[in-house]
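Here is coords_32.tsv, consisting of TSV, C-alpha atoms and all ligand atoms:
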```
chain	number	residue	atom	x	y	z
G	1	MET	CA	9.80	17.72	17.11
G	2	ALA	CA	12.95	15.65	16.85
G	3	PHE	CA	12.09	12.06	16.04
G	4	PHE	CA	14.04	8.99	17.03
G	5	THR	CA	15.54	7.54	13.87
G	6	HIS	CA	14.58	3.95	14.02
G	7	HIS	CA	18.14	2.75	14.38
G	8	ILE	CA	19.39	5.30	16.89
G	9	CYS	CA	17.42	6.76	19.81
G	10	ARG	CA	19.13	10.06	20.37
G	11	GLY	CA	20.48	9.75	23.91
G	12	LEU	CA	17.24	8.61	25.56
G	13	SER	CA	16.96	5.43	27.61
G	14	SER	CA	14.79	2.71	26.11
G	15	SER	CA	12.17	3.43	28.81
G	16	ALA	CA	11.60	6.83	27.21
G	17	VAL	CA	10.62	5.20	23.92
G	18	ARG	CA	6.94	4.21	24.28
G	19	HIS	CA	4.50	2.79	21.80
G	20	VAL	CA	0.98	1.43	21.67
G	21	VAL	CA	0.83	-2.35	21.11
G	22	ILE	CA	-1.55	-2.78	18.19
G	23	LYS	CA	-3.80	-5.85	18.32
G	24	ASN	CA	-7.02	-4.87	16.54
G	25	VAL	CA	-6.54	-3.54	13.01
G	26	THR	CA	-9.19	-2.15	10.67
G	27	ILE	CA	-8.12	-2.11	7.04
G	28	ILE	CA	-10.28	0.00	4.78
G	29	GLY	CA	-10.23	-0.92	1.11
G	30	GLY	CA	-10.47	-4.60	0.17
G	31	GLY	CA	-8.59	-4.27	-3.12
G	32	GLN	CA	-5.08	-5.36	-4.01
G	33	MET	CA	-3.33	-3.59	-1.16
G	34	GLY	CA	-5.96	-3.85	1.57
G	35	ALA	CA	-6.31	-7.61	1.05
G	36	GLY	CA	-2.53	-8.02	1.12
G	37	ILE	CA	-2.16	-5.97	4.31
G	38	ALA	CA	-5.01	-7.95	5.88
G	39	GLN	CA	-3.31	-11.24	4.96
G	40	VAL	CA	-0.02	-10.25	6.56
G	41	ALA	CA	-1.62	-8.72	9.68
G	42	ALA	CA	-3.90	-11.76	10.21
G	43	SER	CA	-1.07	-14.26	9.74
G	44	THR	CA	1.03	-12.43	12.33
G	45	GLY	CA	-1.61	-12.69	15.08
G	46	HIS	CA	-3.57	-9.45	14.66
G	47	ALA	CA	-7.38	-9.32	14.75
G	48	VAL	CA	-8.23	-7.84	11.35
G	49	THR	CA	-11.44	-6.39	9.99
G	50	LEU	CA	-11.33	-5.72	6.27
G	51	VAL	CA	-13.80	-3.03	5.20
G	52	ASP	CA	-15.02	-2.10	1.74
G	53	THR	CA	-18.12	-0.48	0.28
G	54	ASN	CA	-18.54	-3.51	-1.97
G	55	GLU	CA	-19.47	-6.86	-0.40
G	56	ASP	CA	-18.40	-8.85	-3.45
G	57	ILE	CA	-14.93	-7.33	-3.29
G	58	LEU	CA	-14.68	-8.36	0.36
G	59	LYS	CA	-15.70	-11.94	-0.40
G	60	LYS	CA	-13.18	-12.08	-3.25
G	61	ALA	CA	-10.51	-10.67	-0.94
G	62	VAL	CA	-11.10	-13.36	1.71
G	63	LYS	CA	-10.93	-16.09	-0.94
G	64	GLY	CA	-7.68	-14.60	-2.24
G	65	ILE	CA	-6.20	-14.38	1.26
G	66	GLU	CA	-7.06	-18.03	1.93
G	67	GLY	CA	-5.59	-19.10	-1.42
G	68	ASN	CA	-2.36	-17.19	-0.80
G	69	LEU	CA	-2.04	-18.54	2.73
G	70	LYS	CA	-2.46	-22.08	1.38
G	71	ARG	CA	0.53	-21.37	-0.89
G	72	VAL	CA	2.48	-20.20	2.17
G	73	VAL	CA	1.49	-23.32	4.15
G	74	LYS	CA	2.49	-25.63	1.26
G	75	LYS	CA	5.98	-24.18	1.32
G	76	LYS	CA	6.55	-23.30	5.01
G	77	PHE	CA	4.90	-26.36	6.55
G	78	ALA	CA	5.70	-28.94	3.86
G	79	ASP	CA	6.76	-31.55	6.44
G	80	LYS	CA	4.36	-30.45	9.22
G	81	PRO	CA	0.87	-30.59	7.69
G	82	GLU	CA	-0.97	-30.40	11.03
G	83	ALA	CA	0.98	-27.30	12.05
G	84	GLY	CA	0.28	-25.88	8.62
G	85	GLU	CA	-3.45	-26.44	8.97
G	86	GLU	CA	-3.41	-24.84	12.43
G	87	PHE	CA	-1.54	-21.80	11.06
G	88	LEU	CA	-4.08	-21.46	8.23
G	89	GLN	CA	-7.12	-21.80	10.52
G	90	LYS	CA	-5.73	-19.34	13.07
G	91	ALA	CA	-4.92	-16.76	10.39
G	92	MET	CA	-8.33	-17.06	8.74
G	93	GLN	CA	-10.10	-16.82	12.12
G	94	ASN	CA	-8.31	-13.49	12.53
G	95	VAL	CA	-10.03	-12.07	9.45
G	96	SER	CA	-13.52	-10.59	9.44
G	97	ILE	CA	-15.21	-8.38	6.89
G	98	SER	CA	-17.66	-5.49	7.04
G	99	THR	CA	-19.13	-2.77	4.88
G	100	ASP	CA	-19.75	-0.58	7.94
G	101	ALA	CA	-16.50	1.24	8.74
G	102	GLY	CA	-18.22	3.46	11.30
G	103	SER	CA	-19.14	0.63	13.63
G	104	VAL	CA	-15.94	-1.39	13.12
G	105	VAL	CA	-13.55	1.42	14.10
G	106	GLN	CA	-15.15	1.76	17.54
G	107	GLY	CA	-13.13	-1.27	18.69
G	108	THR	CA	-9.87	-0.78	16.82
G	109	ASP	CA	-6.30	0.23	17.71
G	110	LEU	CA	-5.20	1.09	14.16
G	111	VAL	CA	-6.99	2.04	10.96
G	112	VAL	CA	-4.98	1.44	7.77
G	113	GLU	CA	-6.63	3.06	4.77
G	114	ALA	CA	-6.04	1.55	1.31
G	115	ILE	CA	-8.87	3.03	-0.74
G	116	VAL	CA	-8.85	4.88	-4.02
G	117	GLU	CA	-5.90	7.29	-4.52
G	118	ASN	CA	-8.04	10.40	-4.26
G	119	LEU	CA	-7.36	13.05	-1.63
G	120	LYS	CA	-10.96	14.16	-1.06
G	121	VAL	CA	-12.26	10.58	-0.77
G	122	LYS	CA	-9.52	9.78	1.76
G	123	GLN	CA	-10.18	13.00	3.69
G	124	ASP	CA	-13.94	12.35	3.76
G	125	LEU	CA	-13.36	8.81	5.02
G	126	PHE	CA	-10.98	9.82	7.80
G	127	GLY	CA	-13.03	12.89	8.71
G	128	GLY	CA	-16.05	10.67	9.36
G	129	LEU	CA	-14.12	7.96	11.22
G	130	ASP	CA	-12.40	10.55	13.43
G	131	LYS	CA	-15.73	11.21	15.14
G	132	LEU	CA	-16.33	7.51	15.83
G	133	ALA	CA	-12.95	5.93	16.61
G	134	PRO	CA	-11.67	5.80	20.22
G	135	ALA	CA	-9.22	8.49	21.32
G	136	HIS	CA	-6.24	6.09	21.29
G	137	THR	CA	-6.83	4.81	17.74
G	138	ILE	CA	-4.05	5.56	15.28
G	139	PHE	CA	-4.94	6.41	11.66
G	140	ALA	CA	-2.55	5.55	8.81
G	141	SER	CA	-2.79	5.89	5.04
G	142	ASN	CA	-1.22	3.54	2.49
G	143	THR	CA	-1.22	6.30	-0.12
G	144	SER	CA	1.34	6.10	-2.93
G	145	SER	CA	1.68	9.77	-3.66
G	146	LEU	CA	-0.53	12.02	-1.54
G	147	SER	CA	0.61	14.12	1.42
G	148	ILE	CA	-0.11	12.49	4.78
G	149	THR	CA	-0.43	16.02	6.20
G	150	ASP	CA	-3.15	16.84	3.67
G	151	ILE	CA	-5.01	13.57	4.28
G	152	ALA	CA	-4.85	14.05	8.07
G	153	SER	CA	-6.14	17.62	7.85
G	154	SER	CA	-9.76	16.42	7.84
G	155	THR	CA	-9.33	14.99	11.37
G	156	ASN	CA	-8.66	16.22	14.89
G	157	ARG	CA	-6.07	13.50	15.61
G	158	LEU	CA	-3.05	14.95	13.81
G	159	ASP	CA	-0.79	13.56	16.58
G	160	ARG	CA	-2.18	10.04	16.03
G	161	PHE	CA	-1.91	10.08	12.21
G	162	GLY	CA	0.90	8.72	10.02
G	163	GLY	CA	1.74	6.98	6.78
G	164	LEU	CA	2.24	3.22	6.32
G	165	HIS	CA	3.18	2.75	2.68
G	166	PHE	CA	3.27	-0.96	1.84
G	167	PHE	CA	4.46	-2.42	-1.48
G	168	ASN	CA	2.67	-4.70	-3.92
G	169	PRO	CA	2.30	-7.67	-3.38
G	170	VAL	CA	2.28	-6.99	0.34
G	171	PRO	CA	2.95	-10.60	1.45
G	172	VAL	CA	6.13	-10.66	-0.66
G	173	MET	CA	7.57	-7.14	-0.59
G	174	ARG	CA	9.48	-6.69	2.67
G	175	LEU	CA	9.48	-2.89	2.79
G	176	VAL	CA	7.16	-0.44	4.54
G	177	GLU	CA	7.69	3.32	4.41
G	178	VAL	CA	6.66	4.70	7.81
G	179	ILE	CA	5.91	8.41	7.54
G	180	ALA	CA	5.48	10.98	10.30
G	181	THR	CA	4.09	14.44	9.68
G	182	SER	CA	5.26	17.43	11.72
G	183	SER	CA	2.29	16.74	14.04
G	184	THR	CA	2.69	12.98	14.47
G	185	SER	CA	3.56	12.19	18.09
G	186	GLN	CA	6.67	10.17	18.95
G	187	GLU	CA	4.41	7.51	20.50
G	188	THR	CA	2.43	7.18	17.26
G	189	PHE	CA	5.58	7.00	15.13
G	190	ASP	CA	7.09	4.34	17.40
G	191	SER	CA	3.80	2.41	17.39
G	192	LEU	CA	3.77	2.35	13.58
G	193	LEU	CA	7.42	1.26	13.48
G	194	ASN	CA	6.68	-1.50	16.00
G	195	PHE	CA	3.57	-2.62	14.10
G	196	SER	CA	5.62	-2.86	10.87
G	197	LYS	CA	8.18	-4.95	12.74
G	198	MET	CA	5.43	-7.24	14.12
G	199	LEU	CA	4.33	-7.79	10.51
G	200	GLY	CA	7.85	-8.98	9.70
G	201	LYS	CA	8.57	-5.94	7.54
G	202	THR	CA	11.67	-3.76	7.24
G	203	SER	CA	10.78	-0.10	7.57
G	204	VAL	CA	12.38	3.07	6.29
G	205	SER	CA	11.26	6.61	7.02
G	206	CYS	CA	11.49	9.98	5.36
G	207	LYS	CA	9.76	13.32	5.51
G	208	ASP	CA	6.17	13.65	4.33
G	209	THR	CA	7.17	14.58	0.78
G	210	PRO	CA	5.52	13.47	-2.50
G	211	GLY	CA	6.16	9.78	-3.21
G	212	PHE	CA	8.20	9.39	-0.03
G	213	ILE	CA	11.40	7.53	-1.08
G	214	VAL	CA	10.51	4.72	-3.52
G	215	ASN	CA	7.81	6.34	-5.64
G	216	ARG	CA	9.71	9.62	-5.92
G	217	LEU	CA	12.46	7.62	-7.62
G	218	LEU	CA	10.17	5.08	-9.33
G	219	LEU	CA	7.88	7.61	-11.00
G	220	PRO	CA	10.57	9.25	-13.18
G	221	TYR	CA	11.90	5.80	-14.18
G	222	ILE	CA	8.47	4.51	-15.25
G	223	LEU	CA	7.56	7.79	-16.90
G	224	ASP	CA	10.79	7.82	-18.92
G	225	ALA	CA	9.99	4.28	-20.08
G	226	VAL	CA	6.53	5.39	-21.19
G	227	ARG	CA	7.94	8.44	-23.01
G	228	MET	CA	10.50	6.15	-24.75
G	229	TYR	CA	7.63	3.93	-25.88
G	230	GLU	CA	5.46	6.91	-26.95
G	231	ARG	CA	8.38	8.25	-29.06
G	232	GLY	CA	8.66	4.86	-30.76
G	233	ASP	CA	12.27	4.46	-29.60
G	234	GLY	CA	11.60	0.94	-28.31
G	235	SER	CA	8.77	-1.55	-27.91
G	236	LYS	CA	7.19	-2.05	-24.48
G	237	GLU	CA	8.26	-5.70	-24.67
G	238	ASP	CA	11.91	-4.87	-25.33
G	239	ILE	CA	11.97	-2.14	-22.69
G	240	ASP	CA	10.63	-4.63	-20.12
G	241	ILE	CA	13.09	-7.33	-21.19
G	242	ALA	CA	15.96	-4.83	-21.12
G	243	MET	CA	15.26	-3.74	-17.54
G	244	LYS	CA	14.78	-7.32	-16.30
G	245	LEU	CA	17.89	-8.73	-17.95
G	246	GLY	CA	19.95	-5.56	-17.86
G	247	CYS	CA	19.16	-4.40	-14.32
G	248	GLY	CA	17.86	-7.60	-12.70
G	249	TYR	CA	14.42	-6.14	-11.97
G	250	PRO	CA	11.74	-8.83	-11.38
G	251	MET	CA	9.35	-6.86	-13.64
G	252	GLY	CA	9.90	-4.28	-16.38
G	253	PRO	CA	8.16	-0.88	-16.17
G	254	PHE	CA	5.15	-1.82	-18.31
G	255	GLU	CA	4.59	-5.15	-16.55
G	256	LEU	CA	4.87	-3.34	-13.22
G	257	SER	CA	2.45	-0.61	-14.27
G	258	ASP	CA	-0.12	-3.27	-15.26
G	259	TYR	CA	0.52	-5.01	-11.93
G	260	VAL	CA	0.11	-1.87	-9.82
G	261	GLY	CA	-2.99	-0.82	-11.76
G	262	LEU	CA	-3.15	1.86	-14.50
G	263	ASP	CA	-6.09	3.49	-12.71
G	264	THR	CA	-3.90	4.03	-9.66
G	265	MET	CA	-1.04	5.16	-11.87
G	266	LYS	CA	-3.33	7.74	-13.46
G	267	PHE	CA	-4.56	8.99	-10.07
G	268	ILE	CA	-0.92	9.48	-9.08
G	269	MET	CA	-0.03	11.16	-12.36
G	270	ASP	CA	-3.02	13.49	-12.25
G	271	GLY	CA	-2.11	14.58	-8.72
G	272	TRP	CA	1.50	15.28	-9.55
G	273	SER	CA	0.68	16.96	-12.88
G	274	ALA	CA	-1.74	19.28	-11.09
G	275	ALA	CA	0.82	20.04	-8.38
G	276	ASN	CA	3.64	20.59	-10.89
G	277	PRO	CA	1.94	22.12	-13.99
G	278	ASP	CA	5.21	23.57	-15.34
G	279	ASN	CA	7.37	20.46	-14.87
G	280	PRO	CA	7.57	18.49	-18.17
G	281	MET	CA	8.36	15.35	-16.18
G	282	PHE	CA	4.77	15.23	-14.99
G	283	ALA	CA	3.14	16.03	-18.35
G	284	GLN	CA	0.16	13.79	-19.03
G	285	SER	CA	0.81	10.48	-20.82
G	286	GLU	CA	-1.40	9.98	-23.86
G	287	VAL	CA	-1.00	6.21	-23.87
G	288	LEU	CA	-1.87	5.94	-20.16
G	289	ASN	CA	-4.90	8.22	-20.52
G	290	LYS	CA	-6.15	6.22	-23.53
G	291	LEU	CA	-5.83	2.85	-21.77
G	292	VAL	CA	-7.59	4.12	-18.64
G	293	ALA	CA	-10.34	5.77	-20.70
G	294	GLU	CA	-10.92	2.36	-22.34
G	295	GLY	CA	-11.16	0.69	-18.90
G	296	LYS	CA	-7.90	-1.16	-19.44
G	297	PHE	CA	-6.40	-0.96	-15.94
G	298	GLY	CA	-3.89	-3.80	-16.33
G	299	LYS	CA	-3.94	-7.16	-14.55
G	300	LYS	CA	-7.02	-6.24	-12.49
G	301	THR	CA	-9.20	-5.87	-15.60
G	302	GLY	CA	-7.45	-8.42	-17.80
G	303	GLU	CA	-5.80	-5.88	-20.12
G	304	GLY	CA	-3.49	-2.89	-19.81
G	305	PHE	CA	-0.27	-2.52	-21.72
G	306	TYR	CA	-0.50	-6.29	-22.05
G	307	LYS	CA	-3.39	-8.76	-22.29
G	308	TYR	CA	-3.86	-11.25	-19.42
G	309	LYS	CA	-5.65	-14.58	-19.73
K	1	LIG	C1	2.18	4.05	-17.13
K	1	LIG	C2	2.39	5.48	-16.74
K	1	LIG	C3	2.88	5.62	-15.33
K	1	LIG	C4	2.72	6.99	-14.79
K	1	LIG	C5	3.70	7.26	-13.68
K	1	LIG	C6	3.17	6.92	-12.31
K	1	LIG	C7	4.21	6.13	-11.50
K	1	LIG	C8	3.87	6.14	-10.03
K	1	LIG	C9	4.80	5.31	-9.17
K	1	LIG	C10	4.58	3.82	-9.28
K	1	LIG	C11	3.36	3.26	-8.59
K	1	LIG	C12	3.57	3.08	-7.11
K	1	LIG	C13	2.73	1.99	-6.55
K	1	LIG	C14	3.01	1.77	-5.07
K	1	LIG	O1	2.77	2.93	-4.31
K	1	LIG	C15	4.41	1.27	-4.75
K	1	LIG	C16	4.59	-0.16	-5.17
K	1	LIG	O2	4.01	-1.09	-4.69
K	1	LIG	S1	5.67	-0.34	-6.49
K	1	LIG	C17	5.59	-2.07	-6.82
K	1	LIG	C18	6.61	-2.84	-6.00
K	1	LIG	N1	6.54	-4.25	-6.39
K	1	LIG	C19	7.31	-4.78	-7.35
K	1	LIG	O3	8.20	-4.16	-7.89
K	1	LIG	C20	6.98	-6.21	-7.73
K	1	LIG	C21	8.03	-6.79	-8.63
K	1	LIG	N2	7.63	-8.16	-9.00
K	1	LIG	C22	7.94	-9.21	-8.20
K	1	LIG	O4	8.52	-9.12	-7.13
K	1	LIG	C23	7.51	-10.57	-8.72
K	1	LIG	O5	7.26	-10.47	-10.12
K	1	LIG	C24	6.21	-11.10	-8.02
K	1	LIG	C25	5.08	-10.11	-8.20
K	1	LIG	C26	6.48	-11.35	-6.55
K	1	LIG	C27	5.82	-12.43	-8.68
K	1	LIG	O6	6.95	-13.28	-8.54
K	1	LIG	P1	7.19	-14.42	-9.65
K	1	LIG	O7	8.38	-15.19	-9.22
K	1	LIG	O8	7.19	-13.75	-10.96
K	1	LIG	O9	5.90	-15.30	-9.58
K	1	LIG	P2	5.42	-16.34	-8.48
K	1	LIG	O10	3.96	-16.45	-8.72
K	1	LIG	O11	6.28	-17.54	-8.51
K	1	LIG	O12	5.59	-15.66	-7.03
K	1	LIG	C28	6.83	-15.74	-6.37
K	1	LIG	C29	6.55	-15.92	-4.93
K	1	LIG	O13	5.75	-14.84	-4.42
K	1	LIG	C30	4.51	-15.34	-3.96
K	1	LIG	N3	3.48	-14.41	-4.44
K	1	LIG	C31	3.37	-13.90	-5.67
K	1	LIG	N4	2.33	-13.07	-5.73
K	1	LIG	C32	1.76	-13.08	-4.50
K	1	LIG	C33	0.63	-12.43	-3.92
K	1	LIG	N5	-0.11	-11.57	-4.63
K	1	LIG	N6	0.33	-12.65	-2.63
K	1	LIG	C34	1.08	-13.52	-1.92
K	1	LIG	N7	2.18	-14.18	-2.38
K	1	LIG	C35	2.48	-13.95	-3.67
K	1	LIG	C36	4.32	-16.70	-4.55
K	1	LIG	O14	3.58	-17.51	-3.65
K	1	LIG	C37	5.73	-17.16	-4.67
K	1	LIG	O15	6.13	-17.62	-3.40
K	1	LIG	P3	6.68	-19.10	-3.25
K	1	LIG	O16	5.45	-19.94	-3.54
K	1	LIG	O17	7.77	-19.23	-4.29
K	1	LIG	O18	7.14	-19.14	-1.84
K	2	LIG	N1	-1.61	-0.95	-6.31
K	2	LIG	C1	-0.40	-0.80	-5.80
K	2	LIG	O1	0.60	-1.35	-6.28
K	2	LIG	C2	-0.23	0.07	-4.58
K	2	LIG	C3	0.94	-0.06	-3.81
K	2	LIG	C4	1.09	0.75	-2.66
K	2	LIG	C5	0.10	1.66	-2.31
K	2	LIG	N2	-1.03	1.75	-3.08
K	2	LIG	C6	-2.08	2.67	-2.63
K	2	LIG	O2	-3.05	1.92	-1.91
K	2	LIG	C7	-4.36	2.45	-2.16
K	2	LIG	C8	-5.24	1.36	-2.75
K	2	LIG	O3	-4.65	0.87	-3.91
K	2	LIG	P1	-5.16	-0.53	-4.55
K	2	LIG	O4	-4.24	-0.84	-5.68
K	2	LIG	O5	-5.35	-1.52	-3.46
K	2	LIG	O6	-6.59	-0.08	-5.13
K	2	LIG	P2	-7.81	-1.02	-5.52
K	2	LIG	O7	-8.56	-0.27	-6.56
K	2	LIG	O8	-7.32	-2.41	-5.80
K	2	LIG	O9	-8.65	-1.10	-4.16
K	2	LIG	C9	-9.27	0.04	-3.63
K	2	LIG	C10	-10.48	-0.46	-2.88
K	2	LIG	O10	-11.01	0.60	-2.09
K	2	LIG	C11	-12.42	0.49	-2.10
K	2	LIG	N3	-12.95	1.81	-1.71
K	2	LIG	C12	-12.93	2.95	-2.43
K	2	LIG	N4	-13.48	3.95	-1.73
K	2	LIG	C13	-13.83	3.42	-0.51
K	2	LIG	C14	-14.45	3.94	0.66
K	2	LIG	N5	-14.80	5.24	0.73
K	2	LIG	N6	-14.64	3.12	1.70
K	2	LIG	C15	-14.29	1.82	1.64
K	2	LIG	N7	-13.71	1.25	0.54
K	2	LIG	C16	-13.49	2.06	-0.51
K	2	LIG	C17	-12.77	0.05	-3.50
K	2	LIG	O11	-14.03	-0.58	-3.53
K	2	LIG	C18	-11.62	-0.92	-3.81
K	2	LIG	O12	-11.97	-2.25	-3.47
K	2	LIG	C19	-4.16	3.67	-3.05
K	2	LIG	O13	-4.03	4.81	-2.24
K	2	LIG	C20	-2.83	3.35	-3.73
K	2	LIG	O14	-2.14	4.52	-4.14
K	2	LIG	C21	-1.23	0.98	-4.20
```
Representation of the structure as structure tokens:
Amino acid sequence: MAFFTHHICRGLSSSAVRHVVIKNVTIIGGGQMGAGIAQVAASTGHAVTLVDTNEDILKKAVKGIEGNLKRVVKKKFADKPEAGEEFLQKAMQNVSISTDAGSVVQGTDLVVEAIVENLKVKQDLFGGLDKLAPAHTIFASNTSSLSITDIASSTNRLDRFGGLHFFNPVPVMRLVEVIATSSTSQETFDSLLNFSKMLGKTSVSCKDTPGFIVNRLLLPYILDAVRMYERGDGSKEDIDIAMKLGCGYPMGPFELSDYVGLDTMKFIMDGWSAANPDNPMFAQSEVLNKLVAEGKFGKKTGEGFYKYK
């Protein structure tokens, strides 16, 4: 099916381009990404339910969202405190939490999944929700590296399934990769593009290929940095400094890996190593495996490549 590119609709009048207006959003996974997506969706007028299996994670997520929004208010409404307070209250009223995904999805327009980077866990989640969500509900995964086609295969709504790959931290990073599979309907694709626009994001699209655009280019870069470090050619500190001062990156590869989460990095690596067993690029990283085995996942656990206070 030929898709509209999101800058040019190929010869069709605007009336032919339809999309579902998304108001109620269920975000599954209250970790780094889910909380960030919830913050942005709630502060742009969407009714958001953040779902996780762990109640404590949900409570921590809501506290983090409120803290981040207070930072936004301090800056954006510096000379309009009342308007700032109203913005904060409205956004927070848009956020609710639940540990019961099955009941929440029965009243939702869009499910955005941001759970652990494991294909079977994602498939099991969507397979169960598919039986409970209304027919019009669109499903989207925030996966970093898995195939949207493979994730969607556990459902019967292949036409209403796509990828929405946000970047960390979601409130700051302006990009969303909007991914259609060969079964995604035009209406679904346009709805996901429109939703991204309503969030204030800039979207790009590409085929449903491993890592989409950014991660397919980011993975080799980070892996080469890790190999350089493992060979003893340079310290992790100097490699980070070199890429920040030499290329203007806000974070070097080791800082970024700690920020993303070494557990997630390992999930991604394991998937790509298994899919490409003969490609030396995806050979396992000893230093990554050791850190993860020791529970050192980076910023989220207080230690990864670096120690955090
Ligand atoms: C190790 C082996 C690896 C094996 C290979 C596997 C590789 C796989 C591929 C990689 C993984 C992919 C992961 C994912 O799918 C894709 C990604 O998300 S990649 C990550 C993209 N993100 C980045 O590159 C982030 C780069 N860093 C930055 O932009 C900045 O450092 C920062 C994080 C924004 C922090 O900015 P600073 O200026 O340093 O610090 P401040 O605290 O002043 O923040 C500035 C500004 O931003 C606001 N802000 C910061 N953090 C948050 C937050 N969490 N939520 C909301 N707002 C935040 C802060 O308020 C400031 O705003 P201001 O107050 O100034 O208006
Ligand atoms: N961390 C990043 O920088 C980043 C960026 C873009 C995309 N992603 C992708 O987003 C997803 C989440 O990443 P993260 O960094 O937020 O992970 P995270 O570990 O911070 O959060 C994952 C959350 O999902 C919850 N969870 C796991 N299984 C669940 C289930 N069956 N039902 C409900 N909740 C469940 C966990 O309790 C946890 O709170 C992954 O697919 C990852 O590849 C991560």
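Proximity ranking of G:Asn276, G:Asn94, G:Gln89, G:Thr26 relative to Ala42 in chain G places G:Asn94 first, based on all atoms listed in the file.
One finds CA of Val20 in chain G at 5.2 Å from CA of Ser191 in chain G.
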Legend entry - 12 Å contact set for Lys236 in chain G, all atoms listed in the file, chain neighbours under 2 positions out, as a PyMOL selection string: chain G and resi 222+224-234+238-243+252-258+287+304-306
Legend entry - For ligand LIG 1 (chain K), the nearest of the candidates G:Leu199, G:Met92, G:Val48, G:Leu164, counting only C-alpha atoms and all ligand atoms: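 The closest residue to ligand LIG 1 (chain K) is G:Leu164.
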Once you add 8 Å to each side, what are the centre and edge lengths of the axis-aligned box holding all listed atoms of ligand LIG 1 (chain K)? One decimal in Å, as AutoDock Vina command-line options, if you can.
```
--center_x 4.2 --center_y -6.3 --center_z -9.5 --size_x 24.6 --size_y 43.2 --size_z 31.3
```
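As for CA of Phe126 in chain G and CA of Asp208 in chain G, they are spaced 17.9 Å apart.
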Inset, instruction - Rank G:Asp79, G:Asp159, G:Gly271, G:Glu66 by their smallest atom-to-atom distance to Lys120 in chain G, using only C-alpha atoms, and report the top residue only. - result: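 Between G:Asp79, G:Asp159, G:Gly271, G:Glu66, the residue approaching Lys120 in chain G most closely is G:Gly271.
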Which polymer residues, protein or nucleic acid, are no farther than 12 Å from (-7.4, -0.9, -24.0), counting only C-alpha atoms, as a PDB file with C-alpha atoms, keeping the file's coordinate frame?
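In the end it all went to result-v2.pdb:
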```pdb
ATOM      1  CA  ASP G 258      -0.120  -3.270 -15.260  1.00  0.00           C
ATOM      2  CA  LEU G 262      -3.150   1.860 -14.500  1.00  0.00           C
ATOM      3  CA  VAL G 287      -1.000   6.210 -23.870  1.00  0.00           C
ATOM      4  CA  LEU G 288      -1.870   5.940 -20.160  1.00  0.00           C
ATOM      5  CA  ASN G 289      -4.900   8.220 -20.520  1.00  0.00           C
ATOM      6  CA  LYS G 290      -6.150   6.220 -23.530  1.00  0.00           C
ATOM      7  CA  LEU G 291      -5.830   2.850 -21.770  1.00  0.00           C
ATOM      8  CA  VAL G 292      -7.590   4.120 -18.640  1.00  0.00           C
ATOM      9  CA  ALA G 293     -10.340   5.770 -20.700  1.00  0.00           C
ATOM     10  CA  GLU G 294     -10.920   2.360 -22.340  1.00  0.00           C
ATOM     11  CA  GLY G 295     -11.160   0.690 -18.900  1.00  0.00           C
ATOM     12  CA  LYS G 296      -7.900  -1.160 -19.440  1.00  0.00           C
ATOM     13  CA  PHE G 297      -6.400  -0.960 -15.940  1.00  0.00           C
ATOM     14  CA  GLY G 298      -3.890  -3.800 -16.330  1.00  0.00           C
ATOM     15  CA  LYS G 299      -3.940  -7.160 -14.550  1.00  0.00           C
ATOM     16  CA  THR G 301      -9.200  -5.870 -15.600  1.00  0.00           C
ATOM     17  CA  GLY G 302      -7.450  -8.420 -17.800  1.00  0.00           C
ATOM     18  CA  GLU G 303      -5.800  -5.880 -20.120  1.00  0.00           C
ATOM     19  CA  GLY G 304      -3.490  -2.890 -19.810  1.00  0.00           C
ATOM     20  CA  PHE G 305      -0.270  -2.520 -21.720  1.00  0.00           C
ATOM     21  CA  TYR G 306      -0.500  -6.290 -22.050  1.00  0.00           C
ATOM     22  CA  LYS G 307      -3.390  -8.760 -22.290  1.00  0.00           C
ATOM     23  CA  TYR G 308      -3.860 -11.250 -19.420  1.00  0.00           C
TER      24      TYR G 308
END
```
Inset, instruction - Determine the nearest neighbour of ligand LIG 1 (chain K) from the options G:Arg157, G:Lys59, G:Lys244, G:Lys309, counting all atoms listed in the file. - result: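 Among the listed residues, G:Lys244 lies closest to ligand LIG 1 (chain K).
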Inset, instruction - Find the residues near Ser203 in chain G: any atom within 9 Å, counting all atoms listed in the file, skip ones fewer than 4 places away on the same chain, and give them as JSON, numbers by chain. - result: {"G": [6, 174, 175, 176, 177, 178, 193, 196, 197]}
Inset, instruction - Within 8 Å of Leu158 in chain G, counting only C-alpha atoms, which residues show up once you throw out same-chain ones fewer than 4 positions away? Write them as a PyMOL selection string, please. - result: chain G and resi 152-153+183-184
Output file for the residues above (C-alpha atoms, as an mmCIF file, in the coordinates of the input):
```
data_model
loop_
_atom_site.group_PDB
_atom_site.id
_atom_site.type_symbol
_atom_site.label_atom_id
_atom_site.label_comp_id
_atom_site.auth_asym_id
_atom_site.auth_seq_id
_atom_site.Cartn_x
_atom_site.Cartn_y
_atom_site.Cartn_z
ATOM 1 C CA ALA G 152 -4.850 14.050 8.070
ATOM 2 C CA SER G 153 -6.140 17.620 7.850
ATOM 3 C CA SER G 183 2.290 16.740 14.040
ATOM 4 C CA THR G 184 2.690 12.980 14.470
#
```
Inset, instruction - Enter the distance from CA of Ala78 in chain G to atom O11 of ligand LIG 1 (chain K), in Å, rounded to one decimal. - result: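 Interatomic distance, CA of Ala78 in chain G to atom O11 of ligand LIG 1 (chain K): 16.8 Å.
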Inset, instruction - Would you mind listing what lies within 12 Å of Ile138 in chain G as an MDAnalysis selection string, with all atoms listed in the file counted and same-chain residues fewer than 4 positions away left out? - result: chainID G and resid 19:27 105:113 126 129:130 133:134 152 155:164 184:185 187:192 195
